[in-house]
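Chemist: Pasting a structure below so you can have a look.
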Amino acid sequence: MRFLNFSLYMAGSVIVILTIGYLLNRLFGSAEVRFLESKRLALTHQMQHLFEKGRRLSAVLHNEHFSKDNTYRQILQIDTLSSNIREAGMGGSVPRSPLVFESDLGSEIENLIGSLNAQLKIQAVSYEEVYRKALEHKSSLSHMPAIQPISKKDLIMISSNFGLRADPFLEHQEVHRGLDFVAAPGKNVYATGDGAVTLVKESRIGYGNEIFFDHGYGFCSRYAHLSRILVIEGQKVKRGQLIGEVGETGRATGPHLHYEVLYKNTPVNPSFYFDNSLTVEEYQRILKLAVKQDN
Ligand SMILES: [Zn+2]
């Protein structure tokens with residue numbers, strides 16, 4: 001009888017323990033599953049958010065940087081980059097909004113980051129090229145002989161144009177290799193572009209006292225019949241800098257500046273290179289403003 005009671009007691013205990021175990025397992029087990037499920041949803045949400053961020057970056061890259069970059073390249077006369085090159089051969093422009101299956105989201109993000117990375121590298125190289133070209137362009141522009149060598153207020157007239165003219169001393173036609181700026185003796189003569197003085201010549205015949213400049217980029221200029229020369233050979237000179245004074249040295253019919261521009265050693269019409277509306281003073285004012293902005 002005692003044994004029976006003990007057996008029943010044991011069986012009851014086992015059942016109670018198993019029941020409690022089962023209930024605990026259900027309780028905590030399902031809590032763990034719920035926890036993991038909410039974690040999975042949060043991660044998916046986070047990944048979708050990441051994908052969306054990458055997509056927006058890609059749109060900025062395409063809509064702003066690529067189009068601006070192509071405009072800069074056109075202005076600077078560099079070949080524009082085709083979309084194929086820009087997308088680094090990874091295809092597709094801006095990826096579509098996140099209608100991707102959850103299971104693919106990881107690989108979609110990885111592809112997107114890989115593609116952005118490659119496109120950014122190409123864009124960085126392109127910007128470097130554009131920057132280098134822009135510096136070159138800026139430098140070549142300031143070197144071009146592009147203003148008048150005599151201030152508008154001092155200029156009486158341009159007496160001899162470029163090309164064929166009657167020789168003032170001999171009775172035949174000759175080629176006039178430049179322009180003659182008539183001005184009172186002693187009036188200022190300015191360098192028309194950045195460059196270096198290659199030759200200073202003092203003479204009583206021919207072109208009289210004269211200065212030769214090398215502006216680089218194939219351009220040279222020449223200033224003749226000067227009364228005074230204010231630069232020396234080898235000196236670096238900026239556009240608008242005072243270099244001499246008007247005179248009538250050499251074979252001249254009156255005080256004037258004979259001014260030539262040569263491109264690749266061939267005389268060209270200087271008026272093609274200076275803008276008549278831009279005076280020395282205006283250019284110097286622009287230069288001052290530019291220096292102020294740089295500081
Ligand atoms: Zn002349």
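Labels for the structure tokens follow display order: chains A, B, ..., residues from 1 in each chain, ligands from 1.
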Give me, as JSON lines, each residue of chain A that comes within 9 Å of ligand 1, together with its shortest interatomic pair and the distance in Å at one decimal, counting only C-alpha atoms and all ligand atoms, with rows ordered by chain and rising residue number.

Modeler:
{"residue": "A:Ser159", "atom": "CA", "partner": "ligand 1", "partner_atom_place_in_ligand_line": "1 (Zn)", "distance": 8.6}
{"residue": "A:Ser160", "atom": "CA", "partner": "ligand 1", "partner_atom_place_in_ligand_line": "1 (Zn)", "distance": 6.6}
{"residue": "A:Asn161", "atom": "CA", "partner": "ligand 1", "partner_atom_place_in_ligand_line": "1 (Zn)", "distance": 8.3}
{"residue": "A:Phe162", "atom": "CA", "partner": "ligand 1", "partner_atom_place_in_ligand_line": "1 (Zn)", "distance": 8.6}
{"residue": "A:His176", "atom": "CA", "partner": "ligand 1", "partner_atom_place_in_ligand_line": "1 (Zn)", "distance": 6.3}
{"residue": "A:Arg177", "atom": "CA", "partner": "ligand 1", "partner_atom_place_in_ligand_line": "1 (Zn)", "distance": 7.1}
{"residue": "A:Gly178", "atom": "CA", "partner": "ligand 1", "partner_atom_place_in_ligand_line": "1 (Zn)", "distance": 5.9}
{"residue": "A:Leu179", "atom": "CA", "partner": "ligand 1", "partner_atom_place_in_ligand_line": "1 (Zn)", "distance": 5.6}
{"residue": "A:Asp180", "atom": "CA", "partner": "ligand 1", "partner_atom_place_in_ligand_line": "1 (Zn)", "distance": 4.7}
{"residue": "A:Phe181", "atom": "CA", "partner": "ligand 1", "partner_atom_place_in_ligand_line": "1 (Zn)", "distance": 8.3}
{"residue": "A:Tyr207", "atom": "CA", "partner": "ligand 1", "partner_atom_place_in_ligand_line": "1 (Zn)", "distance": 8.3}
{"residue": "A:Ala224", "atom": "CA", "partner": "ligand 1", "partner_atom_place_in_ligand_line": "1 (Zn)", "distance": 7.9}
{"residue": "A:His225", "atom": "CA", "partner": "ligand 1", "partner_atom_place_in_ligand_line": "1 (Zn)", "distance": 8.8}
{"residue": "A:Ala252", "atom": "CA", "partner": "ligand 1", "partner_atom_place_in_ligand_line": "1 (Zn)", "distance": 8.3}
{"residue": "A:His256", "atom": "CA", "partner": "ligand 1", "partner_atom_place_in_ligand_line": "1 (Zn)", "distance": 8.2}
{"residue": "A:Leu257", "atom": "CA", "partner": "ligand 1", "partner_atom_place_in_ligand_line": "1 (Zn)", "distance": 7.2}
{"residue": "A:His258", "atom": "CA", "partner": "ligand 1", "partner_atom_place_in_ligand_line": "1 (Zn)", "distance": 4.2}
{"residue": "A:Tyr259", "atom": "CA", "partner": "ligand 1", "partner_atom_place_in_ligand_line": "1 (Zn)", "distance": 6.7}
{"residue": "A:Glu260", "atom": "CA", "partner": "ligand 1", "partner_atom_place_in_ligand_line": "1 (Zn)", "distance": 8.2}

Chemist: Contacts of Gly208 (chain A) at 10 Å or less, counting only C-alpha atoms, minus same-chain residues fewer than 3 places along, as number ranges by chain?

Modeler: A: 201-205, 211, 223-227, 247-252

Chemist: Produce a file of the selected residues containing C-alpha atoms, as a compact mmCIF listing (two decimals), in the first residue's frame.

Modeler:
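Once everything was written out, this is result.txt:
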# COMPACT_ATOMS: atom_id res chain seq x y z
CA LYS A 201 66.54 96.88 -78.26
CA GLU A 202 67.72 100.48 -78.42
CA SER A 203 68.17 101.88 -81.91
CA ARG A 204 67.93 105.12 -83.90
CA ILE A 205 66.90 103.37 -87.08
CA ILE A 211 60.51 95.55 -76.44
CA TYR A 223 56.28 97.39 -78.86
CA ALA A 224 58.29 99.82 -81.03
CA HIS A 225 59.36 103.50 -81.42
CA LEU A 226 59.38 103.92 -77.61
CA SER A 227 60.93 106.99 -75.97
CA GLY A 247 58.04 108.01 -78.59
CA GLU A 248 59.13 108.42 -82.19
CA THR A 249 62.52 106.70 -82.16
CA GLY A 250 63.68 105.05 -85.39
CA ARG A 251 61.87 105.53 -88.66
CA ALA A 252 58.63 107.16 -87.48

Chemist: Could you list, as a PDB file with N, CA and C atoms, in the first residue's frame, every residue within 9 Å of region 123-132 of chain A, counting only C-alpha atoms and ignoring same-chain residues fewer than 6 positions away?

Modeler:
ATOM      1  N   LEU A  61      24.427  61.956 -57.505  1.00  0.00           N
ATOM      2  CA  LEU A  61      25.594  61.765 -58.371  1.00  0.00           C
ATOM      3  C   LEU A  61      25.211  61.943 -59.846  1.00  0.00           C
ATOM      4  N   HIS A  65      26.171  65.924 -60.139  1.00  0.00           N
ATOM      5  CA  HIS A  65      27.604  65.897 -60.458  1.00  0.00           C
ATOM      6  C   HIS A  65      27.885  65.502 -61.905  1.00  0.00           C
ATOM      7  N   PHE A  66      27.206  64.476 -62.398  1.00  0.00           N
ATOM      8  CA  PHE A  66      27.495  64.027 -63.764  1.00  0.00           C
ATOM      9  C   PHE A  66      27.151  65.120 -64.773  1.00  0.00           C
ATOM     10  N   ASP A  69      29.587  68.063 -64.378  1.00  0.00           N
ATOM     11  CA  ASP A  69      30.899  67.647 -64.877  1.00  0.00           C
ATOM     12  C   ASP A  69      30.937  67.686 -66.405  1.00  0.00           C
ATOM     13  N   TYR A  72      31.176  71.315 -67.532  1.00  0.00           N
ATOM     14  CA  TYR A  72      32.553  71.820 -67.380  1.00  0.00           C
ATOM     15  C   TYR A  72      33.429  71.276 -68.500  1.00  0.00           C
ATOM     16  N   ARG A  73      33.247  69.996 -68.799  1.00  0.00           N
ATOM     17  CA  ARG A  73      34.084  69.373 -69.826  1.00  0.00           C
ATOM     18  C   ARG A  73      33.825  70.006 -71.197  1.00  0.00           C
ATOM     19  N   LEU A  76      35.500  73.436 -71.314  1.00  0.00           N
ATOM     20  CA  LEU A  76      36.962  73.342 -71.400  1.00  0.00           C
ATOM     21  C   LEU A  76      37.424  72.494 -72.584  1.00  0.00           C
ATOM     22  N   ILE A  78      36.936  69.345 -73.323  1.00  0.00           N
ATOM     23  CA  ILE A  78      37.396  67.981 -73.073  1.00  0.00           C
ATOM     24  C   ILE A  78      36.219  67.079 -73.476  1.00  0.00           C
ATOM     25  N   LEU A  81      32.036  62.409 -70.850  1.00  0.00           N
ATOM     26  CA  LEU A  81      32.075  60.965 -70.549  1.00  0.00           C
ATOM     27  C   LEU A  81      30.710  60.353 -70.841  1.00  0.00           C
ATOM     28  N   ARG A  86      30.722  56.370 -67.141  1.00  0.00           N
ATOM     29  CA  ARG A  86      30.386  56.900 -65.816  1.00  0.00           C
ATOM     30  C   ARG A  86      29.861  55.818 -64.877  1.00  0.00           C
TER      31      ARG A  86
END

Chemist: Tell me, which residues of region 101-205 of chain A carry DSSP alpha helix (DSSP H), written as a VMD selection string?

Modeler: chain A and resid 102 to 143

Chemist: Excluding Asp214 (chain A) and residues on its chain fewer than 5 positions from it, collect all residues at most 7 Å away from it, counting only C-alpha atoms, and give them as number ranges by chain.

Modeler: A: 195-198, 219-221

Chemist: Could you pull out all residues of region 118-281 of chain A with a DSSP call of strand (DSSP E) and give them as a ChimeraX atom specification?

Modeler: /A:157-160,163-166,173-176,179-182,188-190,195-201,209-216,219-229,236-237,242-246,256-263,266-268

Chemist: Which value, in Å to one decimal, gives the distance between CA of Thr266 (chain A) and CA of Tyr217 (chain A)?

Modeler: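 Separation of CA of Thr266 (chain A) and CA of Tyr217 (chain A): 13.5 Å.
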
Chemist: Tell me which of A:Ala191, A:Val200, A:Val33, A:Ala42 sits closest to Ile147 (chain A), counting only C-alpha atoms.

Modeler: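 Of all the options, A:Ala191 lies closest to Ile147 (chain A).
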